[in-house]
Amino acid sequence: QVQLVESGGGLVQAGGSLRLSCAASRSSSSINAMGWYRQAPGKQRELVATITSGGSTNYADSVKGRFTISRDNTKNTVYLQMNSLKPEDTAVYYCKGWGISRDYWGQGTQVTVSS
């Protein structure tokens, strides 16, 4: 069983930056891609960014050019660097790992961007 723990959320002014971290409890060869989702109040959870085990990345159009996903396999950690934050980025951000036999989710971390 792999647990994912997010950290790094908080309150920031528009235009500011935050870096989210997602630490896996242990290394697992059964997890391929990792990614970040977010869910704003009253809205569906949406995919923000993904990164494969080989390092290929993909982003939602709304965050392209502002957010960067990366991973440090030696630390079993995935990061989401968020720059030029906007009030519409306010949401709970969730880390997800796509496994061979199942998927894994973190508990979420709140990001609030004030105008």
# chains A, B, ... in the order shown; residues from 1 in each chain; ligands from 1
$ select_by_dssp --residues "range 1-114 of chain A" --states "strand (DSSP E)" --output "ChimeraX atom specification"
/A:4-7,10-13,18-24,31-39,46-51,57-59,67-72,77-82,91-99,103-105,109-114
$ residues_around --residues "Thr50 in chain A" --least-positions-apart "6" --cutoff "9 Å" --atoms "only C-alpha atoms" --output "list in words"
Ala33, Met34, Gly35, Trp36, Tyr37, Ser56, Thr57, Asn58, Tyr59, Ile69, Ser70 and Lys96 of chain A
$ closest_residue --among "A:Ser7, A:Gln13, A:Ser25, A:Thr52" --to "Tyr94 in chain A" --atoms "only C-alpha atoms"
A:Ser7
$ closest_residue --among "A:Val111, A:Val78, A:Leu20, A:Ile31" --to "Gln1 in chain A" --atoms "only C-alpha atoms"
A:Ile31
$ residues_around --residues "Ser115 in chain A" --least-positions-apart "3" --cutoff "10 Å" --atoms "only C-alpha atoms" --output "ChimeraX atom specification"
/A:12-15,85-88,112
$ residues_around --residues "Ala91 in chain A" --least-positions-apart "2" --cutoff "9 Å" --atoms "only C-alpha atoms" --output "mmCIF file with C-alpha atoms, in the first residue's frame"
data_model
loop_
_atom_site.group_PDB
_atom_site.id
_atom_site.type_symbol
_atom_site.label_atom_id
_atom_site.label_comp_id
_atom_site.auth_asym_id
_atom_site.auth_seq_id
_atom_site.Cartn_x
_atom_site.Cartn_y
_atom_site.Cartn_z
ATOM 1 C CA ARG A 38 -7.878 20.331 -8.247
ATOM 2 C CA GLN A 39 -11.433 20.882 -7.118
ATOM 3 C CA ALA A 40 -12.968 24.274 -6.504
ATOM 4 C CA PRO A 41 -16.162 24.662 -4.443
ATOM 5 C CA GLU A 88 -9.498 31.166 -10.185
ATOM 6 C CA ASP A 89 -6.679 28.813 -9.160
ATOM 7 C CA TYR A 93 -5.263 20.302 -4.899
ATOM 8 C CA THR A 109 -4.106 20.601 0.226
ATOM 9 C CA GLN A 110 -5.932 23.934 0.080
ATOM 10 C CA VAL A 111 -4.669 26.693 -2.169
ATOM 11 C CA THR A 112 -6.328 30.090 -1.820
ATOM 12 C CA VAL A 113 -5.433 33.001 -4.074
#
$ closest_residue --among "A:Ser101, A:Thr90, A:Asn73, A:Ser17" --to "Ser114 in chain A" --atoms "only C-alpha atoms"
A:Thr90
$ atom_distance --atom1 "CA of Gly65 in chain A" --atom2 "CA of Gly10 in chain A"
21.2 Å
$ residues_around --residues "Thr77 in chain A" --least-positions-apart "3" --cutoff "9 Å" --atoms "only C-alpha atoms" --output "list in words"
Ser21, Cys22, Ala23, Ala24, Ser70, Arg71, Asp72, Asn73 and Thr74 of chain A
$ closest_residue --among "A:Asp103, A:Gly97, A:Val48, A:Gly8" --to "Asn76 in chain A" --atoms "only C-alpha atoms"
A:Gly97
$ atom_distance --atom1 "CA of Ser27 in chain A" --atom2 "CA of Arg45 in chain A"
26.4 Å
$ residues_around --residues "Asn32 in chain A" --least-positions-apart "6" --cutoff "9 Å" --atoms "only C-alpha atoms" --output "mmCIF file with all heavy atoms, in the first residue's frame"
data_model
loop_
_atom_site.group_PDB
_atom_site.id
_atom_site.type_symbol
_atom_site.label_atom_id
_atom_site.label_comp_id
_atom_site.auth_asym_id
_atom_site.auth_seq_id
_atom_site.Cartn_x
_atom_site.Cartn_y
_atom_site.Cartn_z
ATOM 1 N N ILE A 51 2.795 13.761 -15.029
ATOM 2 C CA ILE A 51 4.171 13.468 -15.394
ATOM 3 C C ILE A 51 4.341 11.955 -15.373
ATOM 4 O O ILE A 51 3.932 11.286 -14.419
ATOM 5 C CB ILE A 51 5.178 14.181 -14.463
ATOM 6 C CG1 ILE A 51 6.612 13.938 -14.941
ATOM 7 C CG2 ILE A 51 5.004 13.750 -13.007
ATOM 8 C CD1 ILE A 51 7.622 14.864 -14.265
ATOM 9 N N THR A 52 4.925 11.418 -16.447
ATOM 10 C CA THR A 52 5.112 9.977 -16.524
ATOM 11 C C THR A 52 6.404 9.577 -15.805
ATOM 12 O O THR A 52 7.210 10.435 -15.412
ATOM 13 C CB THR A 52 5.188 9.523 -17.984
ATOM 14 O OG1 THR A 52 6.392 10.043 -18.569
ATOM 15 C CG2 THR A 52 3.982 10.003 -18.782
ATOM 16 N N SER A 53 6.590 8.288 -15.680
ATOM 17 C CA SER A 53 7.818 7.800 -15.063
ATOM 18 C C SER A 53 9.041 8.200 -15.882
ATOM 19 O O SER A 53 10.142 8.333 -15.337
ATOM 20 C CB SER A 53 7.762 6.281 -14.900
ATOM 21 O OG SER A 53 7.527 5.656 -16.159
ATOM 22 N N GLY A 54 8.835 8.425 -17.168
ATOM 23 C CA GLY A 54 9.935 8.851 -18.032
ATOM 24 C C GLY A 54 10.140 10.345 -18.073
ATOM 25 O O GLY A 54 11.079 10.830 -18.721
ATOM 26 N N GLY A 97 -1.625 9.049 -8.097
ATOM 27 C CA GLY A 97 -0.683 8.134 -8.705
ATOM 28 C C GLY A 97 -1.434 7.055 -9.464
ATOM 29 O O GLY A 97 -2.342 6.433 -8.895
ATOM 30 N N TRP A 98 -1.071 6.858 -10.726
ATOM 31 C CA TRP A 98 -1.729 5.823 -11.534
ATOM 32 C C TRP A 98 -0.929 4.536 -11.397
ATOM 33 O O TRP A 98 0.219 4.460 -11.852
ATOM 34 C CB TRP A 98 -1.769 6.241 -13.001
ATOM 35 C CG TRP A 98 -2.829 7.242 -13.305
ATOM 36 C CD1 TRP A 98 -4.098 6.987 -13.737
ATOM 37 C CD2 TRP A 98 -2.730 8.671 -13.221
ATOM 38 N NE1 TRP A 98 -4.784 8.152 -13.919
ATOM 39 C CE2 TRP A 98 -3.979 9.201 -13.626
ATOM 40 C CE3 TRP A 98 -1.711 9.551 -12.861
ATOM 41 C CZ2 TRP A 98 -4.243 10.567 -13.658
ATOM 42 C CZ3 TRP A 98 -1.962 10.910 -12.897
ATOM 43 C CH2 TRP A 98 -3.214 11.400 -13.282
ATOM 44 N N GLY A 99 -1.531 3.556 -10.753
ATOM 45 C CA GLY A 99 -0.862 2.296 -10.535
ATOM 46 C C GLY A 99 -1.259 1.255 -11.557
ATOM 47 O O GLY A 99 -2.179 1.440 -12.347
ATOM 48 N N ILE A 100 -0.526 0.148 -11.541
ATOM 49 C CA ILE A 100 -0.809 -0.952 -12.449
ATOM 50 C C ILE A 100 -2.142 -1.591 -12.105
ATOM 51 O O ILE A 100 -2.941 -1.901 -12.989
ATOM 52 C CB ILE A 100 0.322 -1.989 -12.394
ATOM 53 C CG1 ILE A 100 1.616 -1.374 -12.918
ATOM 54 C CG2 ILE A 100 -0.059 -3.235 -13.182
ATOM 55 C CD1 ILE A 100 2.823 -2.269 -12.786
#
$ closest_residue --among "A:Gln44, A:Gln107, A:Ser62, A:Gln81" --to "Val5 in chain A" --atoms "only C-alpha atoms"
A:Gln107
$ atom_distance --atom1 "CA of Asn83 in chain A" --atom2 "CA of Lys43 in chain A"
22.4 Å
